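> Contents of upload-v3.json (JSON, C-alpha atoms) are below:
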[["chain", "number", "residue", "atom", "x", "y", "z"],
["K", 40, "MET", "CA", 21.29, 6.90, -24.38],
["K", 41, "GLY", "CA", 21.61, 3.50, -26.02],
["K", 42, "GLN", "CA", 19.76, 2.04, -28.95],
["K", 43, "ALA", "CA", 16.03, 2.77, -29.21],
["K", 44, "GLY", "CA", 16.35, 5.36, -26.44],
["K", 45, "VAL", "CA", 17.20, 2.84, -23.73],
["K", 46, "VAL", "CA", 19.24, 4.27, -20.87],
["K", 47, "PRO", "CA", 22.38, 2.18, -20.28],
["K", 48, "GLY", "CA", 22.18, 0.33, -16.99],
["K", 49, "ALA", "CA", 18.45, 0.96, -16.60],
["K", 50, "GLN", "CA", 17.65, -2.75, -16.24],
["K", 51, "ALA", "CA", 20.15, -3.20, -13.42],
["K", 52, "ILE", "CA", 18.79, -0.13, -11.64],
["K", 53, "ALA", "CA", 15.21, -1.38, -12.04],
["K", 54, "ARG", "CA", 16.16, -4.78, -10.63],
["K", 55, "ALA", "CA", 18.01, -3.22, -7.71],
["K", 56, "ALA", "CA", 15.05, -0.94, -6.98],
["K", 57, "ALA", "CA", 12.68, -3.91, -7.04],
["K", 58, "LEU", "CA", 14.88, -5.72, -4.53],
["K", 59, "LEU", "CA", 14.97, -2.63, -2.30],
["K", 60, "ARG", "CA", 11.17, -2.51, -2.28],
["K", 61, "LEU", "CA", 10.97, -6.19, -1.38],
["K", 62, "VAL", "CA", 13.52, -5.83, 1.41],
["K", 63, "THR", "CA", 11.71, -2.87, 2.94],
["K", 64, "ALA", "CA", 8.36, -4.66, 2.62],
["K", 65, "ALA", "CA", 9.80, -7.56, 4.63],
["K", 66, "GLY", "CA", 10.25, -5.24, 7.61],
["K", 67, "GLU", "CA", 12.41, -5.92, 10.64],
["K", 68, "GLU", "CA", 12.45, -9.67, 10.09],
["K", 69, "GLY", "CA", 14.10, -9.29, 6.73],
["K", 70, "ALA", "CA", 13.95, -11.81, 3.88],
["K", 71, "ALA", "CA", 16.04, -14.66, 2.56],
["K", 72, "VAL", "CA", 17.80, -14.20, -0.76],
["K", 73, "GLN", "CA", 15.95, -17.11, -2.39],
["K", 74, "ASP", "CA", 12.58, -15.56, -1.49],
["K", 75, "LEU", "CA", 13.65, -12.15, -2.76],
["K", 76, "ALA", "CA", 14.95, -13.66, -6.00],
["K", 77, "ARG", "CA", 11.77, -15.64, -6.61],
["K", 78, "THR", "CA", 9.45, -12.69, -6.00],
["K", 79, "ALA", "CA", 11.59, -10.36, -8.12],
["K", 80, "GLY", "CA", 11.80, -12.89, -10.95],
["K", 81, "LEU", "CA", 15.59, -13.11, -10.75],
["K", 82, "THR", "CA", 18.05, -15.94, -10.44],
["K", 83, "ARG", "CA", 19.49, -16.41, -6.97],
["K", 84, "SER", "CA", 22.97, -15.44, -8.16],
["K", 85, "THR", "CA", 21.73, -12.21, -9.77],
["K", 86, "ALA", "CA", 19.74, -11.26, -6.68],
["K", 87, "TYR", "CA", 22.72, -11.97, -4.43],
["K", 88, "ARG", "CA", 25.05, -9.91, -6.62],
["K", 89, "LEU", "CA", 22.69, -6.93, -6.58],
["K", 90, "LEU", "CA", 22.06, -7.21, -2.85],
["K", 91, "THR", "CA", 25.78, -7.33, -2.18],
["K", 92, "ALA", "CA", 26.25, -4.13, -4.21],
["K", 93, "LEU", "CA", 23.41, -2.46, -2.34],
["K", 94, "ARG", "CA", 24.96, -3.55, 0.95],
["K", 95, "ALA", "CA", 28.25, -1.95, 0.01],
["K", 96, "GLU", "CA", 26.36, 1.35, -0.38],
["K", 97, "GLY", "CA", 24.58, 0.93, 2.95],
["K", 98, "LEU", "CA", 21.16, 0.59, 1.34],
["K", 99, "VAL", "CA", 20.57, -2.92, 2.68],
["K", 100, "ASP", "CA", 22.06, -4.90, 5.55],
["K", 101, "HIS", "CA", 22.63, -8.62, 6.03],
["K", 102, "ASP", "CA", 22.14, -10.64, 9.21],
["K", 103, "GLU", "CA", 24.81, -13.31, 8.83],
["K", 104, "ALA", "CA", 23.40, -15.52, 11.61],
["K", 105, "LYS", "CA", 19.88, -15.59, 10.18],
["K", 106, "ALA", "CA", 20.85, -15.21, 6.50],
["K", 107, "ARG", "CA", 18.27, -12.45, 6.12],
["K", 108, "TRP", "CA", 18.45, -9.19, 4.19],
["K", 109, "MET", "CA", 16.93, -6.04, 5.70],
["K", 110, "PRO", "CA", 16.88, -2.26, 5.15],
["K", 111, "GLY", "CA", 20.22, -0.52, 5.63],
["K", 112, "PRO", "CA", 21.18, 2.70, 7.41],
["K", 113, "GLU", "CA", 21.40, 4.80, 4.25],
["K", 114, "LEU", "CA", 17.71, 4.18, 3.58],
["K", 115, "PHE", "CA", 16.92, 5.68, 6.96],
["K", 116, "LEU", "CA", 18.98, 8.77, 6.22],
["K", 117, "MET", "CA", 17.46, 9.19, 2.77],
["K", 118, "GLY", "CA", 14.00, 8.70, 4.23],
["K", 119, "GLN", "CA", 14.58, 11.42, 6.80],
["K", 120, "VAL", "CA", 15.41, 13.89, 4.04],
["K", 121, "ALA", "CA", 12.47, 12.85, 1.82],
["K", 122, "ALA", "CA", 9.98, 12.79, 4.70],
["K", 123, "SER", "CA", 9.59, 16.55, 4.80],
["K", 124, "ARG", "CA", 8.24, 16.47, 1.26],
["K", 125, "TYR", "CA", 6.32, 13.21, 1.07],
["K", 126, "ASP", "CA", 5.48, 12.03, 4.58],
["K", 127, "ILE", "CA", 2.02, 12.98, 5.86],
["K", 128, "THR", "CA", 2.00, 10.60, 8.83],
["K", 129, "ALA", "CA", 2.34, 13.41, 11.37],
["K", 130, "GLN", "CA", -0.74, 15.11, 9.90],
["K", 131, "ALA", "CA", -2.67, 11.86, 9.65],
["K", 132, "ARG", "CA", -1.80, 10.03, 12.87],
["K", 133, "ASP", "CA", -4.57, 11.47, 15.05],
["K", 134, "ILE", "CA", -7.15, 10.84, 12.31],
["K", 135, "VAL", "CA", -6.07, 7.22, 11.91],
["K", 136, "ARG", "CA", -6.20, 6.80, 15.69],
["K", 137, "SER", "CA", -9.67, 8.35, 15.83],
["K", 138, "LEU", "CA", -10.85, 5.98, 13.10],
["K", 139, "ALA", "CA", -9.60, 2.97, 15.09],
["K", 140, "VAL", "CA", -11.24, 4.23, 18.30],
["K", 141, "ARG", "CA", -14.57, 5.02, 16.66],
["K", 142, "THR", "CA", -14.86, 1.68, 14.83],
["K", 143, "GLU", "CA", -12.86, -0.60, 17.18],
["K", 144, "GLU", "CA", -11.21, -2.06, 14.05],
["K", 145, "SER", "CA", -7.60, -1.80, 12.86],
["K", 146, "ALA", "CA", -7.14, 1.43, 10.87],
["K", 147, "PHE", "CA", -4.48, 2.25, 8.29],
["K", 148, "LEU", "CA", -3.02, 5.00, 6.17],
["K", 149, "SER", "CA", -1.56, 3.98, 2.80],
["K", 150, "VAL", "CA", 0.15, 6.00, 0.10],
["K", 151, "ARG", "CA", 0.23, 5.47, -3.64],
["K", 152, "ARG", "CA", 3.66, 4.72, -5.07],
["K", 153, "GLY", "CA", 3.38, 4.15, -8.80],
["K", 154, "ASP", "CA", 1.19, 1.10, -9.39],
["K", 155, "GLU", "CA", 1.19, 0.06, -5.72],
["K", 156, "THR", "CA", 0.07, 1.21, -2.32],
["K", 157, "VAL", "CA", 2.38, 1.15, 0.69],
["K", 158, "CYS", "CA", 1.05, 1.08, 4.24],
["K", 159, "LEU", "CA", 2.47, 3.96, 6.31],
["K", 160, "LEU", "CA", 0.49, 3.76, 9.55],
["K", 161, "ARG", "CA", -1.38, 1.07, 11.48],
["K", 162, "GLU", "CA", -3.49, 1.76, 14.55],
["K", 163, "GLU", "CA", -5.02, -1.18, 16.40],
["K", 164, "GLY", "CA", -8.69, -1.14, 17.32],
["K", 165, "SER", "CA", -10.00, -2.41, 20.64],
["K", 166, "PHE", "CA", -11.81, -5.43, 19.20],
["K", 167, "PRO", "CA", -9.74, -8.46, 20.30],
["K", 168, "ILE", "CA", -9.94, -10.43, 17.03],
["K", 169, "ARG", "CA", -7.80, -8.75, 14.39],
["K", 170, "SER", "CA", -6.64, -9.17, 10.82],
["K", 171, "PHE", "CA", -2.91, -8.96, 10.13],
["K", 172, "VAL", "CA", -3.00, -8.77, 6.34],
["K", 173, "LEU", "CA", -1.71, -5.19, 6.42],
["K", 174, "SER", "CA", 1.07, -3.51, 8.41],
["K", 175, "GLU", "CA", 3.62, -0.73, 7.92],
["K", 176, "GLY", "CA", 5.72, -1.23, 4.80],
["K", 177, "VAL", "CA", 3.45, -3.82, 3.18],
["K", 178, "ARG", "CA", 2.77, -3.19, -0.50],
["K", 179, "PHE", "CA", -0.14, -4.26, -2.69],
["K", 180, "PRO", "CA", -0.89, -3.55, -6.35],
["K", 181, "LEU", "CA", -3.65, -1.03, -6.96],
["K", 182, "GLY", "CA", -7.03, -2.75, -7.00],
["K", 183, "VAL", "CA", -6.04, -5.63, -4.71],
["K", 184, "ALA", "CA", -6.38, -4.36, -1.14],
["K", 185, "SER", "CA", -9.23, -1.97, -0.28],
["K", 186, "ALA", "CA", -6.90, 1.05, -0.06],
["K", 187, "GLY", "CA", -5.54, 0.44, -3.55],
["K", 188, "LEU", "CA", -9.01, -0.21, -4.95],
["K", 189, "ALA", "CA", -10.23, 3.10, -3.52],
["K", 190, "ILE", "CA", -7.31, 4.94, -5.14],
["K", 191, "LEU", "CA", -7.67, 3.12, -8.48],
["K", 192, "ALA", "CA", -11.41, 3.83, -8.64],
["K", 193, "PHE", "CA", -10.95, 7.59, -8.46],
["K", 194, "LEU", "CA", -8.21, 7.88, -11.06],
["K", 195, "PRO", "CA", -9.22, 9.25, -14.49],
["K", 196, "PRO", "CA", -10.72, 6.52, -16.72],
["K", 197, "ASP", "CA", -7.78, 6.56, -19.14],
["K", 198, "GLU", "CA", -5.35, 5.95, -16.27],
["K", 199, "ILE", "CA", -7.46, 3.04, -15.03],
["K", 200, "ASP", "CA", -7.42, 1.55, -18.53],
["K", 201, "ALA", "CA", -3.66, 1.98, -18.81],
["K", 202, "TYR", "CA", -3.08, 0.40, -15.41],
["K", 203, "LEU", "CA", -5.17, -2.67, -16.25],
["K", 204, "GLN", "CA", -3.32, -3.05, -19.55],
["K", 205, "ARG", "CA", 0.03, -2.91, -17.76],
["K", 206, "HIS", "CA", -0.92, -5.60, -15.27],
["K", 207, "PRO", "CA", -2.56, -8.61, -16.93],
["K", 208, "GLU", "CA", -0.87, -10.78, -14.27],
["K", 209, "LEU", "CA", -3.18, -9.68, -11.43],
["K", 210, "ALA", "CA", -5.63, -12.54, -11.88],
["K", 211, "GLU", "CA", -2.86, -15.12, -12.03],
["K", 212, "ARG", "CA", -1.13, -13.79, -8.93],
["K", 213, "TRP", "CA", -4.11, -12.78, -6.80],
["K", 214, "GLY", "CA", -6.86, -15.05, -8.07],
["K", 215, "ALA", "CA", -9.65, -15.00, -10.63],
["K", 216, "SER", "CA", -11.52, -12.33, -8.66],
["K", 217, "HIS", "CA", -8.87, -9.90, -9.89],
["K", 218, "ASP", "CA", -9.40, -10.39, -13.61],
["K", 219, "VAL", "CA", -10.07, -7.24, -15.64],
["K", 220, "ALA", "CA", -13.85, -7.64, -15.84],
["K", 221, "ARG", "CA", -14.31, -8.18, -12.10],
["K", 222, "LEU", "CA", -11.90, -5.39, -11.23],
["K", 223, "ARG", "CA", -13.83, -3.01, -13.45],
["K", 224, "THR", "CA", -17.03, -4.02, -11.68],
["K", 225, "ARG", "CA", -15.50, -3.33, -8.26],
["K", 226, "VAL", "CA", -14.11, 0.00, -9.52],
["K", 227, "ALA", "CA", -17.61, 1.05, -10.63],
["K", 228, "GLU", "CA", -19.14, -0.11, -7.35],
["K", 229, "THR", "CA", -16.50, 1.82, -5.41],
["K", 230, "ARG", "CA", -17.21, 5.04, -7.28],
["K", 231, "ASP", "CA", -20.95, 4.64, -6.70],
["K", 232, "ARG", "CA", -20.56, 3.77, -3.02],
["K", 233, "GLY", "CA", -17.75, 6.20, -2.28],
["K", 234, "TYR", "CA", -15.57, 3.59, -0.59],
["K", 235, "ALA", "CA", -14.04, 0.26, -1.58],
["K", 236, "VAL", "CA", -14.93, -3.12, -0.10],
["K", 237, "ASN", "CA", -12.62, -6.14, -0.11],
["K", 238, "PRO", "CA", -14.75, -9.13, 0.94],
["K", 239, "GLY", "CA", -11.96, -11.49, 1.96],
["K", 240, "LEU", "CA", -10.29, -11.61, -1.46],
["K", 241, "ILE", "CA", -6.72, -11.59, -0.09],
["K", 242, "VAL", "CA", -7.23, -13.80, 2.96],
["K", 243, "ALA", "CA", -10.52, -15.63, 3.43],
["K", 244, "GLY", "CA", -12.52, -14.17, 6.32],
["K", 245, "SER", "CA", -10.47, -10.94, 6.46],
["K", 246, "TRP", "CA", -12.48, -8.00, 5.17],
["K", 247, "GLY", "CA", -11.37, -4.47, 4.43],
["K", 248, "ILE", "CA", -12.86, -1.17, 3.36],
["K", 249, "GLY", "CA", -10.94, 1.81, 2.00],
["K", 250, "ALA", "CA", -11.57, 5.46, 1.14],
["K", 251, "ALA", "CA", -9.40, 7.69, -1.01],
["K", 252, "VAL", "CA", -7.66, 10.81, 0.28],
["K", 253, "PHE", "CA", -7.00, 13.52, -2.30],
["K", 254, "ASP", "CA", -4.22, 16.05, -2.90],
["K", 255, "ARG", "CA", -4.64, 19.70, -3.89],
["K", 256, "ALA", "CA", -5.00, 18.71, -7.55],
["K", 257, "GLY", "CA", -7.89, 16.40, -6.69],
["K", 258, "ARG", "CA", -5.91, 13.23, -7.29],
["K", 259, "PRO", "CA", -6.24, 10.17, -5.01],
["K", 260, "GLU", "CA", -2.73, 9.84, -3.58],
["K", 261, "TRP", "CA", -3.50, 8.21, -0.21],
["K", 262, "ALA", "CA", -6.20, 6.08, 1.38],
["K", 263, "LEU", "CA", -7.58, 5.32, 4.82],
["K", 264, "SER", "CA", -8.76, 1.77, 5.40],
["K", 265, "LEU", "CA", -10.17, -0.58, 8.00],
["K", 266, "THR", "CA", -9.66, -4.32, 8.26],
["K", 267, "GLY", "CA", -11.22, -6.96, 10.46],
["K", 268, "VAL", "CA", -12.92, -10.32, 10.57],
["K", 269, "GLN", "CA", -15.89, -10.95, 8.32],
["K", 270, "PHE", "CA", -18.71, -10.87, 10.86],
["K", 271, "ARG", "CA", -17.62, -7.37, 11.93],
["K", 272, "PHE", "CA", -18.37, -6.15, 8.38],
["K", 273, "ASP", "CA", -21.86, -7.62, 8.00],
["K", 274, "PRO", "CA", -24.51, -5.86, 5.87],
["K", 275, "ASP", "CA", -26.07, -4.16, 8.91],
["K", 276, "ARG", "CA", -22.80, -2.61, 10.14],
["K", 277, "LEU", "CA", -20.96, -2.02, 6.85],
["K", 278, "PRO", "CA", -22.78, 1.22, 5.87],
["K", 279, "THR", "CA", -22.03, 2.73, 9.30],
["K", 280, "LEU", "CA", -18.37, 1.79, 8.99],
["K", 281, "GLY", "CA", -18.32, 3.25, 5.48],
["K", 282, "ARG", "CA", -19.78, 6.58, 6.59],
["K", 283, "THR", "CA", -17.28, 6.83, 9.44],
["K", 284, "LEU", "CA", -14.42, 5.99, 7.10],
["K", 285, "LEU", "CA", -15.51, 8.55, 4.51],
["K", 286, "ALA", "CA", -15.84, 11.24, 7.19],
["K", 287, "HIS", "CA", -12.27, 10.63, 8.36],
["K", 288, "ALA", "CA", -10.97, 10.53, 4.77],
["K", 289, "HIS", "CA", -12.68, 13.85, 4.08],
["K", 290, "GLN", "CA", -11.17, 15.30, 7.25],
["K", 291, "LEU", "CA", -7.68, 14.28, 6.17],
["K", 292, "THR", "CA", -8.21, 15.55, 2.61],
["K", 293, "THR", "CA", -9.34, 18.90, 4.00],
["K", 294, "ARG", "CA", -6.31, 19.08, 6.26],
["K", 295, "LEU", "CA", -3.90, 18.28, 3.42],
["K", 296, "THR", "CA", -5.45, 20.65, 0.89],
["K", 297, "ARG", "CA", -6.10, 23.71, 3.04],
["K", 298, "PRO", "CA", -4.25, 26.84, 1.88],
["K", 299, "LEU", "CA", -0.68, 27.15, 3.07],
["K", 300, "PRO", "CA", -0.05, 29.99, 5.53],
["K", 301, "ARG", "CA", 1.52, 33.07, 3.95]]
Represent the structure from my file as structure tokens, please.

Amino acid sequence: MGQAGVVPGAQAIARAAALLRLVTAAGEEGAAVQDLARTAGLTRSTAYRLLTALRAEGLVDHDEAKARWMPGPELFLMGQVAASRYDITAQARDIVRSLAVRTEESAFLSVRRGDETVCLLREEGSFPIRSFVLSEGVRFPLGVASAGLAILAFLPPDEIDAYLQRHPELAERWGASHDVARLRTRVAETRDRGYAVNPGLIVAGSWGIGAAVFDRAGRPEWALSLTGVQFRFDPDRLPTLGRTLLAHAHQLTTRLTRPLPR
């Protein structure tokens, strides 16, 4: 331990981890170093140095022709090992598919990772006009997308307060609709309604609704959500979509929290 209890090298590890998250969020297309540096708040040279070190360990890969960075083979191997403990996609896939079939909208499963949600599953609905705000690997801060708002709303009040104190930048990054006062209003509305509504706050005209899925301790660790174009979420249809979403979220919660076989 260094001075004031700081772990030596912690800053470098945190920066490398942030870059890993950004690379994985970029998906198969990868991302350019200047974009990764800008989003991570690093200089280009620092980002490149960290990415090169991660590449040497097999955690990221680099497409020389396209000058894009993408997930490396070691991440796949690590993910395979961790999946048995953390991955619920096998248990959730049929429920997500049922949600898409029943509503005809795109359905998703997201998981909480710290102060963010990460999309794990996407199932397309049959309605031909779709929203592409969310796909596998995409991350959003809690309270921004409908899945993250649903999770945030059902955390204990002190954890909600602490989260909002940690992230005063939400309004600057995501718009004035994400200032603390408006987020608190949407949190309260979500708790009263049972599900979260995002009325085109990320991309105009693209609506989403989300419902929390709980673990055995009663904590909201995942969320199911639906996205689509605005007119598909009008006041006449929204309550029906919400009830269907909540029923599927309850089904998944029940499946995840049922007693383990002896």
> I need the residue nearest Ile241 (chain K) from this list: K:Ile52, K:Ala76, K:Ala201, K:Val183. Use all atoms listed in the file for the distance.
K:Val183
> Skipping near chain neighbours, those fewer than 4 positions away, what residues fall within 12 Å of Glu208 (chain K) using all atoms listed in the file, listed as a ChimeraX atom specification?
/K:180,202-204,212-215,217-219
> Would you please work out which residue, of K:Leu181, K:Leu284, K:Leu209, K:Ala227, is nearest to Leu265 (chain K) when using only C-alpha atoms?
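Residue with the minimum atom-to-atom distance to Leu265 (chain K): K:Leu284.
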> Distance CA of Ala92 (chain K)-CA of Arg54 (chain K), one decimal place?
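Separating CA of Ala92 (chain K) from CA of Arg54 (chain K) is a distance of 12.0 Å.
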> List as number ranges by chain: which residues have an atom within 8 Å of (-9.8, 1.8, 17.3), counting only C-alpha atoms?
K: 136-146, 162-166
> Based on the selection just made, write C-alpha atoms of those residues as a PDB file, keeping the file's coordinate frame.

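Now in result_37.pdb:
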ATOM      1  CA  ARG K 136      -6.200   6.800  15.690  1.00  0.00           C
ATOM      2  CA  SER K 137      -9.670   8.350  15.830  1.00  0.00           C
ATOM      3  CA  LEU K 138     -10.850   5.980  13.100  1.00  0.00           C
ATOM      4  CA  ALA K 139      -9.600   2.970  15.090  1.00  0.00           C
ATOM      5  CA  VAL K 140     -11.240   4.230  18.300  1.00  0.00           C
ATOM      6  CA  ARG K 141     -14.570   5.020  16.660  1.00  0.00           C
ATOM      7  CA  THR K 142     -14.860   1.680  14.830  1.00  0.00           C
ATOM      8  CA  GLU K 143     -12.860  -0.600  17.180  1.00  0.00           C
ATOM      9  CA  GLU K 144     -11.210  -2.060  14.050  1.00  0.00           C
ATOM     10  CA  SER K 145      -7.600  -1.800  12.860  1.00  0.00           C
ATOM     11  CA  ALA K 146      -7.140   1.430  10.870  1.00  0.00           C
ATOM     12  CA  GLU K 162      -3.490   1.760  14.550  1.00  0.00           C
ATOM     13  CA  GLU K 163      -5.020  -1.180  16.400  1.00  0.00           C
ATOM     14  CA  GLY K 164      -8.690  -1.140  17.320  1.00  0.00           C
ATOM     15  CA  SER K 165     -10.000  -2.410  20.640  1.00  0.00           C
ATOM     16  CA  PHE K 166     -11.810  -5.430  19.200  1.00  0.00           C
TER      17      PHE K 166
END
> What's the 10 Å shell around region 273-283 of chain K, counting only C-alpha atoms, without same-chain residues fewer than 4 positions away, as a list in words?
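Close residues of region 273-283 of chain K: Leu138, Arg141, Thr142, Glu144, Arg232, Gly233, Tyr234, Ala235, Val236, Trp246, Ile248, Gly249, Ala250, Ser264, Leu265, Val268, Gln269, His287, Ala288 and His289 of chain K.
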> From the options K:Gly257, K:Pro112, K:Gly187, K:Pro207, which residue's atoms come nearest to Val226 (chain K), counting only C-alpha atoms?
K:Gly187
> Just checking: using only C-alpha atoms, which residue out of K:Asp154, K:Val135, K:Ala184, K:Ser84 ends up closest to Glu198 (chain K)?
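Answer, going by the shortest atom-to-atom distance: K:Asp154.
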> Tell me, in Å to one decimal, how far CA of Leu291 (chain K) is from CA of Ile134 (chain K).
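Pair CA of Leu291 (chain K) / CA of Ile134 (chain K) returns 7.1 Å.
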> Kindly indicate which residue among K:Gly97, K:Pro196, K:Gly176, K:Gly111 lies nearest to Ser149 (chain K), using all atoms listed in the file for the distances.
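Ranking K:Gly97, K:Pro196, K:Gly176, K:Gly111 by distance to Ser149 (chain K), first place goes to K:Gly176.
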> Please, what distance in Å, to one decimal, runs between CA of Leu222 (chain K) and CA of Leu188 (chain K)?
8.6 Å
> For Trp261 (chain K), list every protein, DNA or RNA residue within 8 Å, evaluated using all atoms listed in the file, and leave out those in the same chain fewer than 2 positions away; present the list as a list in words.
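Listing them by chain and then by number gives Leu148, Ser149, Val150, Arg151, Ala186, Ile190, Ala251, Val252, Phe253, Pro259 and Leu263 of chain K.
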> Take the point (0.3, 6.8, 10.0) as written in the file and pick out every residue within 6 Å of it, counting only C-alpha atoms; give the list as a VMD selection string.
chain K and resid 128 131 to 132 148 159 to 160
> I need the residue nearest Asp74 (chain K) from this list: K:Val99, K:Val172, K:Ala53, K:Ala106. Use all atoms listed in the file for the distance.
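When distances to Asp74 (chain K) are compared using all atoms listed in the file, the smallest one comes from K:Ala106.
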> Pick out the residues sitting within 12 Å of Gln50 (chain K), and hand them over as an MDAnalysis selection string; count all atoms listed in the file, and ignore anything fewer than 5 positions along from it in its own chain.
chainID K and resid 45 55:57 81 89
> Take the residues from that selection and write them out as a PDB file, keeping the file's coordinate frame, keeping C-alpha atoms.

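Once everything was written out, this is result-v8.pdb:
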ATOM      1  CA  VAL K  45      17.200   2.840 -23.730  1.00  0.00           C
ATOM      2  CA  ALA K  55      18.010  -3.220  -7.710  1.00  0.00           C
ATOM      3  CA  ALA K  56      15.050  -0.940  -6.980  1.00  0.00           C
ATOM      4  CA  ALA K  57      12.680  -3.910  -7.040  1.00  0.00           C
ATOM      5  CA  LEU K  81      15.590 -13.110 -10.750  1.00  0.00           C
ATOM      6  CA  LEU K  89      22.690  -6.930  -6.580  1.00  0.00           C
TER       7      LEU K  89
END
